[in-house]
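Trainee: Input upload.csv, format and content: CSV, C-alpha atoms.
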chain,number,residue,atom,x,y,z
A,29,MET,CA,-13.2,-224.1,-58.2
A,30,ARG,CA,-15.7,-221.2,-57.7
A,31,VAL,CA,-16.7,-221.4,-61.4
A,32,ARG,CA,-17.4,-225.1,-61.2
A,33,THR,CA,-19.6,-224.6,-58.1
A,34,THR,CA,-21.5,-221.8,-59.8
A,35,SER,CA,-22.1,-223.9,-62.9
A,36,ALA,CA,-23.3,-226.9,-60.9
A,37,ALA,CA,-25.6,-224.7,-58.9
A,38,ALA,CA,-27.0,-223.1,-62.1
A,39,CYS,CA,-27.6,-226.5,-63.6
A,40,ALA,CA,-29.5,-227.6,-60.4
A,41,VAL,CA,-31.6,-224.4,-60.6
A,42,LEU,CA,-32.4,-225.1,-64.2
A,43,LEU,CA,-33.4,-228.6,-63.5
A,44,ALA,CA,-35.6,-227.5,-60.6
A,45,VAL,CA,-37.3,-224.8,-62.7
A,46,ALA,CA,-37.9,-227.4,-65.5
A,47,ALA,CA,-39.4,-229.8,-63.0
A,48,LEU,CA,-41.6,-227.1,-61.5
A,49,ALA,CA,-42.8,-226.0,-65.0
A,50,GLY,CA,-43.7,-229.6,-65.8
A,51,CYS,CA,-45.6,-229.9,-62.6
A,52,ASN,CA,-47.5,-226.6,-63.2
A,53,ARG,CA,-48.3,-227.6,-66.8
A,54,ASP,CA,-49.9,-230.9,-65.6
A,55,SER,CA,-51.9,-229.3,-62.8
A,56,ALA,CA,-53.2,-226.2,-64.5
A,57,ASP,CA,-56.5,-226.0,-66.4
A,58,GLY,CA,-56.9,-225.7,-70.2
A,59,ALA,CA,-55.0,-227.3,-73.0
A,60,GLY,CA,-52.2,-229.0,-71.2
A,61,GLY,CA,-52.1,-226.2,-68.6
A,62,ALA,CA,-50.9,-223.7,-71.2
A,63,LYS,CA,-52.2,-220.2,-71.1
A,64,ILE,CA,-53.1,-217.9,-73.9
A,65,GLY,CA,-52.8,-214.1,-74.1
A,66,ILE,CA,-55.8,-212.3,-75.6
A,67,ASP,CA,-55.7,-208.7,-76.7
A,68,LEU,CA,-58.9,-206.9,-77.4
A,69,PRO,CA,-58.6,-204.3,-80.1
A,70,ARG,CA,-60.8,-201.5,-78.8
A,71,SER,CA,-63.7,-200.7,-76.5
A,72,ASP,CA,-65.4,-197.8,-78.4
A,73,SER,CA,-67.4,-200.1,-80.6
A,74,ASP,CA,-70.6,-202.1,-79.7
A,75,PHE,CA,-69.4,-204.8,-82.0
A,76,TRP,CA,-66.1,-205.3,-80.2
A,77,ASN,CA,-67.7,-205.0,-76.8
A,78,SER,CA,-70.0,-207.8,-77.8
A,79,TYR,CA,-66.9,-209.8,-79.0
A,80,GLN,CA,-65.3,-209.3,-75.6
A,81,ASN,CA,-68.5,-210.6,-73.8
A,82,TYR,CA,-68.4,-213.7,-76.0
A,83,VAL,CA,-64.7,-214.3,-75.3
A,84,GLU,CA,-65.3,-214.0,-71.5
A,85,LYS,CA,-68.2,-216.4,-71.8
A,86,GLY,CA,-66.0,-218.9,-73.7
A,87,LEU,CA,-63.3,-218.6,-71.1
A,88,LYS,CA,-65.7,-219.3,-68.3
A,89,ALA,CA,-66.7,-222.5,-70.1
A,90,GLY,CA,-63.1,-223.7,-69.3
A,91,ASP,CA,-62.0,-224.8,-72.8
A,92,VAL,CA,-58.8,-222.8,-72.4
A,93,LYS,CA,-57.0,-220.9,-69.7
A,94,ALA,CA,-56.1,-217.2,-70.4
A,95,LEU,CA,-53.9,-214.6,-68.9
A,96,PRO,CA,-55.7,-211.3,-67.9
A,97,LEU,CA,-57.2,-209.8,-71.0
A,98,THR,CA,-55.6,-206.6,-72.4
A,99,ASN,CA,-57.1,-203.9,-74.6
A,100,SER,CA,-54.8,-202.1,-77.1
A,101,GLN,CA,-57.4,-199.3,-77.8
A,102,ASN,CA,-56.7,-199.2,-81.5
A,103,ASP,CA,-53.0,-198.3,-80.7
A,104,ILE,CA,-50.3,-200.4,-82.3
A,105,GLY,CA,-47.8,-199.3,-79.6
A,106,LYS,CA,-50.1,-200.6,-76.9
A,107,LEU,CA,-50.6,-203.9,-78.8
A,108,VAL,CA,-46.8,-204.3,-79.1
A,109,ALA,CA,-46.5,-203.7,-75.3
A,110,ASN,CA,-49.3,-206.0,-74.5
A,111,VAL,CA,-47.8,-208.8,-76.6
A,112,GLN,CA,-44.5,-208.4,-74.8
A,113,THR,CA,-46.4,-208.7,-71.5
A,114,PHE,CA,-47.9,-211.9,-72.7
A,115,THR,CA,-44.5,-213.4,-73.5
A,116,ASP,CA,-43.1,-212.2,-70.2
A,117,GLN,CA,-46.0,-214.0,-68.4
A,118,GLY,CA,-45.4,-217.2,-70.3
A,119,ALA,CA,-48.2,-217.2,-72.9
A,120,GLU,CA,-48.0,-220.1,-75.2
A,121,ALA,CA,-50.4,-218.8,-77.8
A,122,VAL,CA,-51.7,-215.3,-78.5
A,123,VAL,CA,-55.1,-214.1,-79.8
A,124,MET,CA,-55.2,-210.6,-81.3
A,125,ALA,CA,-57.1,-208.4,-83.7
A,126,PRO,CA,-54.6,-205.9,-85.0
A,127,GLN,CA,-56.3,-202.8,-86.4
A,128,ASP,CA,-53.1,-201.7,-88.2
A,129,THR,CA,-52.4,-204.8,-90.2
A,130,GLY,CA,-49.1,-203.5,-91.6
A,131,ALA,CA,-47.4,-202.4,-88.4
A,132,VAL,CA,-47.9,-205.6,-86.5
A,133,ALA,CA,-45.3,-207.6,-88.5
A,134,GLU,CA,-42.4,-207.1,-86.1
A,135,SER,CA,-44.5,-208.4,-83.2
A,136,LEU,CA,-45.6,-211.4,-85.2
A,137,ASN,CA,-42.0,-212.2,-86.1
A,138,THR,CA,-40.9,-212.0,-82.5
A,139,LEU,CA,-43.7,-214.4,-81.5
A,140,ASN,CA,-42.8,-216.7,-84.4
A,141,GLU,CA,-39.1,-216.8,-83.2
A,142,LYS,CA,-40.4,-217.8,-79.8
A,143,LYS,CA,-42.6,-220.5,-81.4
A,144,ILE,CA,-45.8,-218.9,-80.0
A,145,PRO,CA,-48.7,-219.4,-82.4
A,146,VAL,CA,-50.9,-216.4,-83.2
A,147,ILE,CA,-54.6,-216.4,-84.0
A,148,SER,CA,-55.6,-213.1,-85.7
A,149,VAL,CA,-59.3,-212.2,-85.4
A,150,ASP,CA,-61.2,-210.1,-87.9
A,151,THR,CA,-58.1,-208.8,-89.6
A,152,ARG,CA,-55.4,-210.5,-91.7
A,153,PRO,CA,-51.9,-209.2,-91.0
A,154,ASP,CA,-50.1,-208.0,-94.1
A,155,LYS,CA,-46.9,-209.8,-93.1
A,156,GLY,CA,-45.8,-212.1,-90.3
A,157,ASP,CA,-46.8,-215.8,-89.9
A,158,VAL,CA,-50.1,-216.6,-88.2
A,159,TYR,CA,-51.5,-220.0,-87.2
A,160,MET,CA,-55.0,-219.0,-88.2
A,161,VAL,CA,-57.0,-215.9,-89.2
A,162,VAL,CA,-60.6,-216.0,-88.0
A,163,ARG,CA,-62.4,-213.7,-90.3
A,164,ALA,CA,-65.3,-213.2,-92.6
A,165,ASP,CA,-64.9,-212.5,-96.3
A,166,ASN,CA,-64.5,-208.7,-96.2
A,167,LYS,CA,-64.5,-208.3,-100.0
A,168,ALA,CA,-68.0,-209.9,-99.9
A,169,TYR,CA,-69.0,-207.2,-97.5
A,170,GLY,CA,-68.2,-204.5,-100.0
A,171,THR,CA,-69.7,-206.3,-102.9
A,172,ASP,CA,-72.9,-207.2,-101.1
A,173,ALA,CA,-73.4,-203.6,-99.9
A,174,CYS,CA,-72.8,-202.3,-103.4
A,175,THR,CA,-75.3,-204.8,-104.9
A,176,TYR,CA,-77.9,-204.0,-102.3
A,177,LEU,CA,-77.6,-200.2,-102.7
A,178,GLY,CA,-77.3,-200.4,-106.5
A,179,GLN,CA,-80.5,-202.5,-106.8
A,180,ARG,CA,-82.5,-200.4,-104.3
A,181,LEU,CA,-81.5,-197.1,-106.0
A,182,LYS,CA,-82.1,-198.7,-109.5
A,183,GLY,CA,-78.7,-197.8,-110.7
A,184,SER,CA,-78.7,-194.1,-110.2
A,185,GLY,CA,-78.1,-191.5,-107.5
A,186,LYS,CA,-75.4,-190.4,-105.1
A,187,VAL,CA,-74.0,-192.6,-102.4
A,188,VAL,CA,-71.7,-191.7,-99.4
A,189,GLU,CA,-69.3,-194.4,-98.3
A,190,PHE,CA,-67.8,-194.3,-94.9
A,191,GLN,CA,-64.5,-196.1,-95.4
A,192,GLY,CA,-62.7,-197.7,-92.6
A,193,ASP,CA,-59.0,-197.2,-91.9
A,194,LEU,CA,-57.2,-198.0,-95.1
A,195,SER,CA,-54.2,-199.2,-93.1
A,196,SER,CA,-56.4,-202.1,-92.1
A,197,ILE,CA,-57.0,-204.9,-94.6
A,198,ASN,CA,-60.7,-204.8,-93.7
A,199,GLY,CA,-61.0,-201.2,-94.7
A,200,ARG,CA,-59.1,-201.9,-97.9
A,201,ASP,CA,-61.0,-205.0,-98.8
A,202,ARG,CA,-64.4,-203.4,-98.2
A,203,SER,CA,-63.5,-200.2,-100.0
A,204,GLU,CA,-61.9,-201.9,-103.0
A,205,ALA,CA,-64.7,-204.4,-103.5
A,206,PHE,CA,-67.4,-201.7,-103.1
A,207,LYS,CA,-65.6,-199.5,-105.7
A,208,SER,CA,-65.0,-202.3,-108.1
A,209,CYS,CA,-68.7,-203.4,-108.0
A,210,MET,CA,-70.0,-199.9,-108.4
A,211,ASP,CA,-67.7,-199.1,-111.3
A,212,GLU,CA,-68.7,-202.4,-113.1
A,213,LYS,CA,-72.4,-202.8,-112.3
A,214,PHE,CA,-73.7,-199.4,-111.4
A,215,PRO,CA,-71.8,-196.6,-113.3
A,216,GLY,CA,-74.8,-194.3,-113.0
A,217,ILE,CA,-74.2,-194.0,-109.2
A,218,GLU,CA,-71.8,-191.3,-108.0
A,219,VAL,CA,-69.9,-192.5,-104.9
A,220,PHE,CA,-68.3,-190.1,-102.4
A,221,GLU,CA,-65.6,-192.0,-100.6
A,222,LEU,CA,-65.1,-190.6,-97.1
A,223,ALA,CA,-62.0,-191.8,-95.2
A,224,THR,CA,-62.8,-192.1,-91.5
A,225,ASP,CA,-60.2,-194.2,-89.7
A,226,TRP,CA,-63.1,-196.0,-88.1
A,227,LYS,CA,-64.1,-192.8,-86.2
A,228,GLY,CA,-67.7,-191.9,-85.8
A,229,ASP,CA,-67.1,-188.2,-85.3
A,230,VAL,CA,-65.0,-188.0,-88.4
A,231,ALA,CA,-67.7,-189.7,-90.4
A,232,SER,CA,-70.4,-187.4,-89.1
A,233,ALA,CA,-68.4,-184.2,-89.9
A,234,LYS,CA,-67.6,-185.4,-93.4
A,235,LEU,CA,-71.2,-186.4,-94.0
A,236,GLN,CA,-72.4,-183.0,-93.0
A,237,ALA,CA,-70.0,-181.3,-95.4
A,238,THR,CA,-71.0,-183.7,-98.2
A,239,LEU,CA,-74.7,-183.1,-97.6
A,240,ALA,CA,-74.2,-179.4,-97.7
A,241,ALA,CA,-72.6,-179.7,-101.2
A,242,HIS,CA,-74.9,-182.5,-102.4
A,243,PRO,CA,-78.3,-182.4,-100.7
A,244,ASP,CA,-79.6,-185.0,-103.0
A,245,ILE,CA,-77.6,-187.9,-101.4
A,246,ASN,CA,-79.8,-190.9,-101.5
A,247,GLY,CA,-77.6,-193.7,-100.2
A,248,ILE,CA,-75.1,-194.4,-97.5
A,249,TYR,CA,-72.7,-197.4,-97.0
A,250,MET,CA,-71.3,-197.6,-93.4
A,251,GLN,CA,-68.4,-200.0,-93.2
A,252,ALA,CA,-68.9,-200.4,-89.4
A,253,GLY,CA,-72.2,-199.8,-87.7
A,254,GLY,CA,-70.7,-200.1,-84.3
A,255,VAL,CA,-69.0,-196.7,-84.7
A,256,PHE,CA,-71.0,-195.0,-87.5
A,257,LEU,CA,-74.6,-195.8,-86.7
A,258,GLN,CA,-75.5,-193.4,-83.9
A,259,PRO,CA,-73.7,-190.3,-85.1
A,260,THR,CA,-75.1,-190.8,-88.6
A,261,LEU,CA,-78.7,-191.2,-87.4
A,262,ALA,CA,-78.3,-188.2,-85.1
A,263,LEU,CA,-77.0,-186.0,-87.9
A,264,LEU,CA,-79.8,-187.1,-90.3
A,265,GLU,CA,-82.4,-186.5,-87.7
A,266,GLN,CA,-81.0,-183.1,-86.9
A,267,LYS,CA,-81.2,-182.1,-90.6
A,268,LYS,CA,-84.7,-183.7,-90.9
A,269,LEU,CA,-83.4,-186.2,-93.4
A,270,LEU,CA,-84.2,-189.3,-91.4
A,271,LYS,CA,-87.3,-190.5,-93.2
A,272,PRO,CA,-88.7,-194.0,-92.8
A,273,ALA,CA,-88.0,-196.7,-95.4
A,274,GLY,CA,-90.6,-196.4,-98.2
A,275,ALA,CA,-91.3,-192.7,-97.6
A,276,PRO,CA,-90.3,-190.0,-100.2
A,277,GLY,CA,-86.8,-188.7,-99.5
A,278,HIS,CA,-85.7,-191.8,-97.6
A,279,ILE,CA,-81.9,-192.3,-97.7
A,280,THR,CA,-81.2,-196.0,-98.3
A,281,ILE,CA,-78.6,-197.1,-95.7
A,282,ILE,CA,-76.7,-200.4,-95.5
A,283,SER,CA,-74.2,-201.1,-92.7
A,284,ASN,CA,-71.7,-203.7,-91.6
A,285,ASP,CA,-71.6,-205.4,-88.1
A,286,GLY,CA,-75.0,-206.8,-87.2
A,287,ILE,CA,-75.3,-205.3,-83.7
A,288,PRO,CA,-78.6,-205.0,-81.9
A,289,GLU,CA,-78.8,-201.3,-82.5
A,290,GLU,CA,-78.7,-201.9,-86.2
A,291,PHE,CA,-81.5,-204.4,-85.9
A,292,ASP,CA,-83.6,-201.9,-84.0
A,293,ALA,CA,-82.9,-199.3,-86.7
A,294,ILE,CA,-83.9,-201.7,-89.4
A,295,LYS,CA,-87.2,-202.5,-87.6
A,296,ALA,CA,-87.8,-198.7,-87.2
A,297,GLY,CA,-87.2,-198.1,-90.9
A,298,LYS,CA,-84.2,-195.8,-90.1
A,299,ILE,CA,-81.7,-198.0,-92.0
A,300,ASP,CA,-82.4,-200.7,-94.5
A,301,ALA,CA,-79.9,-203.5,-94.1
A,302,THR,CA,-76.7,-204.6,-92.4
A,303,ILE,CA,-74.3,-207.5,-92.9
A,304,SER,CA,-74.0,-209.5,-89.7
A,305,GLN,CA,-70.4,-209.9,-88.8
A,306,PRO,CA,-70.3,-212.9,-86.5
A,307,ALA,CA,-69.0,-211.6,-83.1
A,308,ASP,CA,-70.0,-214.8,-81.5
A,309,LEU,CA,-68.2,-217.0,-84.0
A,310,TYR,CA,-65.2,-214.8,-83.9
A,311,ALA,CA,-64.8,-215.4,-80.2
A,312,LYS,CA,-65.7,-219.1,-80.4
A,313,TYR,CA,-63.3,-220.0,-83.1
A,314,ALA,CA,-60.5,-217.7,-81.8
A,315,LEU,CA,-60.5,-219.8,-78.6
A,316,TYR,CA,-61.0,-223.0,-80.7
A,317,TYR,CA,-57.9,-222.4,-82.8
A,318,ALA,CA,-55.9,-221.2,-79.8
A,319,LYS,CA,-56.6,-224.6,-78.2
A,320,ALA,CA,-55.9,-226.4,-81.5
A,321,ALA,CA,-52.5,-224.7,-81.8
A,322,LEU,CA,-51.6,-225.7,-78.3
A,323,ASP,CA,-52.6,-229.3,-79.1
A,324,GLY,CA,-50.4,-229.3,-82.2
A,325,LYS,CA,-53.3,-229.7,-84.7
A,326,THR,CA,-52.8,-228.7,-88.3
A,327,PHE,CA,-55.4,-227.6,-90.9
A,328,GLN,CA,-55.7,-227.4,-94.7
A,329,GLU,CA,-57.8,-225.7,-97.3
A,330,GLY,CA,-61.4,-226.6,-97.8
A,331,PRO,CA,-64.8,-226.5,-96.2
A,332,THR,CA,-65.2,-226.9,-92.4
A,333,ASP,CA,-67.8,-228.6,-90.2
A,334,HIS,CA,-69.1,-225.1,-89.2
A,335,ASP,CA,-70.3,-223.7,-92.5
A,336,SER,CA,-67.1,-221.9,-93.3
A,337,HIS,CA,-64.2,-222.3,-95.7
A,338,ILE,CA,-60.5,-222.3,-94.9
A,339,ILE,CA,-58.3,-220.7,-97.5
A,340,LYS,CA,-54.5,-220.6,-97.7
A,341,ILE,CA,-52.9,-217.1,-97.4
A,342,PRO,CA,-49.3,-216.2,-97.9
A,343,ASN,CA,-48.6,-216.2,-94.1
A,344,GLY,CA,-50.8,-219.0,-92.9
A,345,PHE,CA,-54.5,-220.0,-93.1
A,346,GLU,CA,-57.8,-218.1,-92.9
A,347,ASP,CA,-61.1,-219.5,-91.7
A,348,GLN,CA,-63.7,-217.4,-93.6
A,349,LEU,CA,-66.9,-217.5,-91.5
A,350,PRO,CA,-70.4,-216.8,-92.9
A,351,ALA,CA,-71.8,-213.3,-92.7
A,352,PRO,CA,-75.4,-213.0,-93.8
A,353,LEU,CA,-77.3,-210.0,-95.1
A,354,VAL,CA,-79.9,-208.8,-92.7
A,355,THR,CA,-83.0,-206.8,-93.8
A,356,LYS,CA,-86.5,-206.3,-92.5
A,357,ASP,CA,-87.4,-209.8,-93.9
A,358,ASN,CA,-85.0,-211.7,-91.6
A,359,VAL,CA,-84.1,-209.3,-88.8
A,360,ASP,CA,-85.9,-211.4,-86.2
A,361,ASP,CA,-84.1,-214.6,-87.1
A,362,PRO,CA,-83.2,-216.2,-83.8
A,363,LYS,CA,-80.0,-217.6,-85.3
A,364,LEU,CA,-78.4,-214.2,-85.7
A,365,TRP,CA,-76.0,-213.5,-82.8
A,366,ALA,CA,-77.5,-210.1,-82.0
A,367,ASN,CA,-80.8,-211.8,-81.3
A,368,GLN,CA,-79.2,-214.2,-78.9
A,369,LEU,CA,-77.7,-211.5,-76.5
A,370,GLY,CA,-79.2,-211.7,-73.1
A,371,LYS,CA,-80.5,-215.2,-73.5
A,372,LYS,CA,-79.5,-217.9,-71.0
A,373,ASN,CA,-77.8,-220.9,-72.6
What would the structure in this file look like if it were written as structure tokens?

Mentor:
Amino acid sequence: MRVRTTSAAACAVLLAVAALAGCNRDSADGAGGAKIGIDLPRSDSDFWNSYQNYVEKGLKAGDVKALPLTNSQNDIGKLVANVQTFTDQGAEAVVMAPQDTGAVAESLNTLNEKKIPVISVDTRPDKGDVYMVVRADNKAYGTDACTYLGQRLKGSGKVVEFQGDLSSINGRDRSEAFKSCMDEKFPGIEVFELATDWKGDVASAKLQATLAAHPDINGIYMQAGGVFLQPTLALLEQKKLLKPAGAPGHITIISNDGIPEEFDAIKAGKIDATISQPADLYAKYALYYAKAALDGKTFQEGPTDHDSHIIKIPNGFEDQLPAPLVTKDNVDDPKLWANQLGKKN
């Protein structure tokens, strides 16, 4: 008799919870009242800080409703814990930017089992299903940087490459494409590959050692201006090697990110170019695809209505957003996201 009473009570409780959930779903804001969990990957980069600002602006616009933002600080353990917190809080979609694209598979599998769609920003997880990857073509970053340096150096010289973390697909894509292009198109250029784990202090220390052994370095490729720009410029200035573009002894520098500080450096002649990684579009389409996932929308390969191209990847789809080359010729283009910061919409 006691067992029957307990079972009946349990059923009543479940029905009440279900009814309450349905009520909350209808009354809450966003896509059907569902909330998304958003993990920011780090806060030590100007690029990712800008991305956070754009995410927060998008959330204020009210297109989707989010749980309190978390920041995994480039630590896969923290990312795993943050994702667990999201699921405990009832997140129905998750936006993340895993910096270690190999170690995130277990978390993705857990979310997939719970039928929680995942949008991965900037990085493509090696394994584990995702609803959509929002990313630019990182192989193009490496190829474009190689082509720019190769042409400016007229096919000869010595180039330092600050490689990102090779456990990240972005670091691998940029490094592999840069090497392939240099080997094929500019065999007269000697490349010094410096692994940095996306750390500015590591890049600076290794650059100092390389310059001591090879004082005739005449080119630098920085895979992430957000972490490499300031320590690199400081070191070159200290060694009296920071000479303006066009002057004898100038070291040709191309970067990736497209942050305002890089634009200032281009205008000052301290660096020559960067590839503008679209922080604004990363945020915009991360939220867009999170809402689309909650609304049950599906996508297929092909061009989009926002000047990008969706490709099929083994574990989902990837929207490859445009990332233009920025030089002194177009650094003031108002369409570039870094030139829109601080403007009222």

Trainee: Do you have, as CSV, the list of residues of range 147-213 of chain A lying at most 9 Å from range 303-309 of chain A, each with its nearest atom pair and that distance in Å to one decimal, counting all atoms listed in the file and ordered by chain then number?

Mentor:
residue,atom,partner,partner_atom,distance
A:Val162,CA,A:Leu309,CA,8.6
A:Arg163,CA,A:Pro306,CA,8.8
A:Ala164,CA,A:Gln305,CA,7.2
A:Tyr169,CA,A:Ile303,CA,7.0
A:Asp172,CA,A:Ile303,CA,8.3
A:Ala173,CA,A:Ile303,CA,8.1

Trainee: Write a file of the selected residues as an mmCIF file, in the coordinates of the input, keeping C-alpha atoms.

Mentor:
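So selection12.cif came out as:
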data_model
loop_
_atom_site.group_PDB
_atom_site.id
_atom_site.type_symbol
_atom_site.label_atom_id
_atom_site.label_comp_id
_atom_site.auth_asym_id
_atom_site.auth_seq_id
_atom_site.Cartn_x
_atom_site.Cartn_y
_atom_site.Cartn_z
ATOM 1 C CA VAL A 162 -60.600 -216.000 -88.000
ATOM 2 C CA ARG A 163 -62.400 -213.700 -90.300
ATOM 3 C CA ALA A 164 -65.300 -213.200 -92.600
ATOM 4 C CA TYR A 169 -69.000 -207.200 -97.500
ATOM 5 C CA ASP A 172 -72.900 -207.200 -101.100
ATOM 6 C CA ALA A 173 -73.400 -203.600 -99.900
#

Trainee: Could you give me, as number ranges by chain, the residues within 9 Å of Asn140 in chain A, counting only C-alpha atoms and dropping anything in the same chain fewer than 4 positions from it?

Mentor: A: 135-136, 144-146, 156-158

Trainee: Would you kindly return, as a PyMOL selection string, each protein, DNA or RNA residue with an atom no farther than 12 Å from any atom of range 351-360 of chain A, considering all atoms listed in the file and excluding same-chain residues fewer than 3 positions away?

Mentor: chain A and resi 163-173+175-176+273+280-310+335-336+348+363-368

Trainee: Need to verify the contact set: Lys319 in chain A, 12 Å, all atoms listed in the file, exclusion of same-chain residues closer than 6 positions in sequence. Can you return it as a ChimeraX atom specification?

Mentor: /A:57-65,86-87,90-94,120-123,145-147,159-160,312-313,325-326

Trainee: So what do you get for CA of Arg152 in chain A versus CA of Leu315 in chain A, distance-wise?

Mentor: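 Between CA of Arg152 in chain A and CA of Leu315 in chain A the gap works out to 16.9 Å.
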
Trainee: Mind giving me the straight-line distance from CA of Gln127 in chain A to CA of Phe206 in chain A in Å, one decimal?

Mentor: 20.1 Å

Trainee: List every protein, DNA or RNA residue that has an atom no more than 9 Å from (-71.0, -199.1, -86.8) in the file's coordinate frame, counting all atoms listed in the file, and report them as an MDAnalysis selection string.

Mentor: chainID A and resid 73:75 226 228 250:258 283:287 290

Trainee: Would you compute the distance between CA of Asp361 in chain A and CA of Trp76 in chain A? Give it in Å to one decimal.

Mentor: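 These two atoms are separated by 21.4 Å.
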
Trainee: Taking only all heavy atoms, show range 144-150 of chain A of the given structure as a PDB file, in the first residue's frame.

Mentor:
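Below is the file part-v3.pdb, written as the result:
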ATOM      1  N   ILE A 144      21.411  18.102 -26.717  1.00  0.00           N
ATOM      2  CA  ILE A 144      21.684  19.532 -26.600  1.00  0.00           C
ATOM      3  C   ILE A 144      22.605  19.939 -27.749  1.00  0.00           C
ATOM      4  O   ILE A 144      23.765  19.511 -27.781  1.00  0.00           O
ATOM      5  CB  ILE A 144      22.336  19.866 -25.242  1.00  0.00           C
ATOM      6  CG1 ILE A 144      21.405  19.478 -24.095  1.00  0.00           C
ATOM      7  CG2 ILE A 144      22.699  21.346 -25.162  1.00  0.00           C
ATOM      8  CD1 ILE A 144      22.026  19.648 -22.710  1.00  0.00           C
ATOM      9  N   PRO A 145      22.129  20.718 -28.714  1.00  0.00           N
ATOM     10  CA  PRO A 145      22.963  21.095 -29.854  1.00  0.00           C
ATOM     11  C   PRO A 145      24.103  22.027 -29.450  1.00  0.00           C
ATOM     12  O   PRO A 145      23.971  22.825 -28.522  1.00  0.00           O
ATOM     13  CB  PRO A 145      21.984  21.802 -30.797  1.00  0.00           C
ATOM     14  CG  PRO A 145      20.890  22.288 -29.908  1.00  0.00           C
ATOM     15  CD  PRO A 145      20.771  21.289 -28.793  1.00  0.00           C
ATOM     16  N   VAL A 146      25.222  21.917 -30.156  1.00  0.00           N
ATOM     17  CA  VAL A 146      26.420  22.691 -29.845  1.00  0.00           C
ATOM     18  C   VAL A 146      26.831  23.528 -31.046  1.00  0.00           C
ATOM     19  O   VAL A 146      26.877  23.035 -32.180  1.00  0.00           O
ATOM     20  CB  VAL A 146      27.587  21.773 -29.453  1.00  0.00           C
ATOM     21  CG1 VAL A 146      28.876  22.579 -29.259  1.00  0.00           C
ATOM     22  CG2 VAL A 146      27.248  20.999 -28.181  1.00  0.00           C
ATOM     23  N   ILE A 147      27.115  24.792 -30.797  1.00  0.00           N
ATOM     24  CA  ILE A 147      27.711  25.677 -31.801  1.00  0.00           C
ATOM     25  C   ILE A 147      29.140  25.938 -31.345  1.00  0.00           C
ATOM     26  O   ILE A 147      29.365  26.428 -30.241  1.00  0.00           O
ATOM     27  CB  ILE A 147      26.929  27.008 -31.949  1.00  0.00           C
ATOM     28  CG1 ILE A 147      25.541  26.756 -32.536  1.00  0.00           C
ATOM     29  CG2 ILE A 147      27.697  27.975 -32.841  1.00  0.00           C
ATOM     30  CD1 ILE A 147      24.512  26.296 -31.557  1.00  0.00           C
ATOM     31  N   SER A 148      30.101  25.588 -32.184  1.00  0.00           N
ATOM     32  CA  SER A 148      31.511  25.791 -31.858  1.00  0.00           C
ATOM     33  C   SER A 148      32.017  26.992 -32.639  1.00  0.00           C
ATOM     34  O   SER A 148      31.903  27.050 -33.864  1.00  0.00           O
ATOM     35  CB  SER A 148      32.332  24.544 -32.213  1.00  0.00           C
ATOM     36  OG  SER A 148      33.692  24.737 -31.887  1.00  0.00           O
ATOM     37  N   VAL A 149      32.577  27.963 -31.930  1.00  0.00           N
ATOM     38  CA  VAL A 149      33.030  29.214 -32.548  1.00  0.00           C
ATOM     39  C   VAL A 149      34.543  29.207 -32.732  1.00  0.00           C
ATOM     40  O   VAL A 149      35.281  28.872 -31.797  1.00  0.00           O
ATOM     41  CB  VAL A 149      32.612  30.424 -31.680  1.00  0.00           C
ATOM     42  CG1 VAL A 149      33.108  31.725 -32.297  1.00  0.00           C
ATOM     43  CG2 VAL A 149      31.101  30.454 -31.505  1.00  0.00           C
ATOM     44  N   ASP A 150      34.988  29.547 -33.922  1.00  0.00           N
ATOM     45  CA  ASP A 150      36.399  29.726 -34.254  1.00  0.00           C
ATOM     46  C   ASP A 150      37.181  28.426 -34.368  1.00  0.00           C
ATOM     47  O   ASP A 150      38.129  28.336 -35.125  1.00  0.00           O
ATOM     48  CB  ASP A 150      37.078  30.659 -33.237  1.00  0.00           C
ATOM     49  CG  ASP A 150      38.526  30.943 -33.600  1.00  0.00           C
ATOM     50  OD1 ASP A 150      38.765  31.400 -34.729  1.00  0.00           O
ATOM     51  OD2 ASP A 150      39.412  30.706 -32.764  1.00  0.00           O
TER      52      ASP A 150
END
